[in-house]
Every structure is written in structure tokens, then in C-alpha cells.
Amino acid sequence: MKRILLCSIVLLICLPAFAQQPDVNRFTLFTGFDYMVSPARNLTERGFESDFGVTLRPWLALGADFSVLGDGVISGAGTINGGETIYAPTLIAAAGQGLPVPPPSLINVPFSSQTYTFAAGPQFYLRKWKKVTLFARPGFGLIHERASINVPPQLGVLLGALGKPVPSAHLTDTTYFVGAGGGFDLNLSRGVGFRFAADWVNTHLFSNLLTNRQNYVRLSMGPTFRWGTLEAR
């Protein structure tokens, strides 16, 4: 990861020297399909993403991004493993006392979810080729998730017997995330392109239930619409 960050910094420093596309557009609007996964929770969500950017230099733009994914949009479901929850120490201690308690790692609770993200910040371009524009961006923003947990009745009875509250069937949380991403635009014409992007997102949703931070990988694709002209400086 450190090598990737170092290479990214070097690339961004050199971007002004590589900006070779003439007649750069001032405004860019992207909207398309979004696919997000979180391997630790076996979570897969599908939905839509849009972002709008204002180009300040041929190599630099500022913009905002919004996405909505998951159940009720297209699809979104996963599983929570008992080993990553606040209940794990209690279950391990109970098993150590000889009680018939399954290991936390063998407990998997299904859930459905809907996720919203909002991010804002810079996007850095490499305009070395006429037909393809590369870009990279840091990820800073907010993430909101609603989850519906299907707690098995026997698990609820077990937690109650151990003196622990049963998780609510419906959870909602909002927190910040950090990350990084990038991709490329295929320039079909001056005003229209097609974008492929990938982003890594790190956050900690439902910290009152889940003990570990979550990593997401988000893939998106769709058309870009560009207009206006960046004035030469």
C-alpha cells in the first residue's frame, strides 16, 4: 500500500507536464451503474452513481459524487460473521466454561442492506492521449447504510441466556470513509465519453455491533457528458 501511495504522489506531481489534450472541457457529468463488494461481510450491492466535476486545470478538477446501492435499488445482501461482532468474547468465554455454544466463526447471520455515499474532493487527470483520459482521486466522504438483519430465533435465545441484548432487526448508521480510486474515460467525442472506474473505501459502520473496520471495492461504469471550454492560463 505504501508503494502504491508513493507512486500515486509521484504521478500527481508530474501530471502538469503530461497534460497534452487540447481544448479541455470545463464541466463533466457522469452517471452510471455501480457495483460494490465488502469481502469480510460477503456483501454485494448494485446500484447507481453520479458525479459532477469542474475542471480548474487540464490536470485538476474539483467535484462531488453521490451513489445509492443495495436492496430496494437493485440488490444488496451479505452475511455477518459472529467472529467480527461484540458478542465473540462472550461466546468464547461461554464455550470455555463447557456450555454448548458454537464458535463465533461458525455463526453467520444474513442481512440485506441499502447504502448511500457522498464524497467531494479533487480529481487528477492524465491527458496524454486523445482517445483515453486517465484519472486518479482520493476518497473522502460520508457513508450511510440501512441493514435488515435476519437473526435466527435460536441465536436470539442463546444471547438472551448469556445476558446479552439481541441485535435490532433494523439498523441504521452514518459515518465517514476514506479511500482512493481511479480509472479512465474513453473519449467518444468532445462532449461524450464512457467511464470505467474502481475505488477502494475504508470505513467502520455499526461500530456498536461490528468490531472491525470494513473495506469495500466499488466498480462503476457509464457515460460521461462534457461541455464548456477551459480557458487557457
# chains A, B, ... in the order shown; residues from 1 in each chain; ligands from 1

call {"tool": "residues_around", "arguments": {"residues": "Arg137 (chain A)", "least_positions_apart": "4", "cutoff": "6 Å", "atoms": "only C-alpha atoms", "output": "list in words"}}
result
Gln123, Ala180, Gly181 and Gly182 of chain A

call {"tool": "write_last_selection", "arguments": {"atoms": "N, CA and C atoms", "output": "short mmCIF file (atom, residue, chain, number, x, y, z; two decimals), in the first residue's frame"}}
result
data_model
loop_
_atom_site.label_atom_id
_atom_site.label_comp_id
_atom_site.auth_asym_id
_atom_site.auth_seq_id
_atom_site.Cartn_x
_atom_site.Cartn_y
_atom_site.Cartn_z
N GLN A 123 -9.88 15.62 -8.37
CA GLN A 123 -9.63 14.51 -9.29
C GLN A 123 -8.51 14.93 -10.22
N ALA A 180 -9.34 5.63 -1.97
CA ALA A 180 -8.67 6.13 -3.17
C ALA A 180 -9.23 5.37 -4.36
N GLY A 181 -9.10 5.97 -5.52
CA GLY A 181 -9.61 5.32 -6.71
C GLY A 181 -9.06 5.93 -7.98
N GLY A 182 -9.56 5.44 -9.08
CA GLY A 182 -9.13 5.94 -10.38
C GLY A 182 -9.79 5.15 -11.49
#

call {"tool": "residues_around", "arguments": {"residues": "Gly163 (chain A)", "least_positions_apart": "3", "cutoff": "12 Å", "atoms": "only C-alpha atoms", "output": "compact mmCIF listing (two decimals) with C-alpha atoms, in the first residue's frame"}}
result
# COMPACT_ATOMS: atom_id res chain seq x y z
CA TYR A 87 -20.55 -10.96 21.04
CA THR A 90 -18.86 -13.75 25.40
CA LEU A 91 -19.40 -16.78 23.17
CA ALA A 94 -19.13 -19.50 27.47
CA GLY A 156 -31.62 -14.80 19.98
CA VAL A 157 -32.43 -17.31 22.74
CA LEU A 158 -28.72 -18.05 23.21
CA LEU A 159 -27.76 -14.38 23.51
CA GLY A 160 -30.59 -13.80 25.97
CA VAL A 166 -30.32 -9.31 20.77

call {"tool": "residues_around", "arguments": {"residues": "Ala232 (chain A)", "least_positions_apart": "2", "cutoff": "9 Å", "atoms": "only C-alpha atoms", "output": "list in words"}}
result
Asp23, Arg57 and Leu230 of chain A

call {"tool": "write_last_selection", "arguments": {"atoms": "C-alpha atoms", "output": "CSV table (one decimal), in the first residue's frame"}}
result
chain,number,residue,atom,x,y,z
A,23,ASP,CA,-9.4,22.1,-25.9
A,57,ARG,CA,-6.5,23.0,-14.8
A,230,LEU,CA,-11.4,25.6,-20.0

call {"tool": "atom_distance", "arguments": {"atom1": "CA of Thr203 (chain A)", "atom2": "CA of Val73 (chain A)"}}
result
21.8 Å

call {"tool": "closest_residue", "arguments": {"among": "A:Pro89, A:Pro103, A:Pro223, A:Gly139", "to": "Ala198 (chain A)", "atoms": "only C-alpha atoms"}}
result
A:Gly139
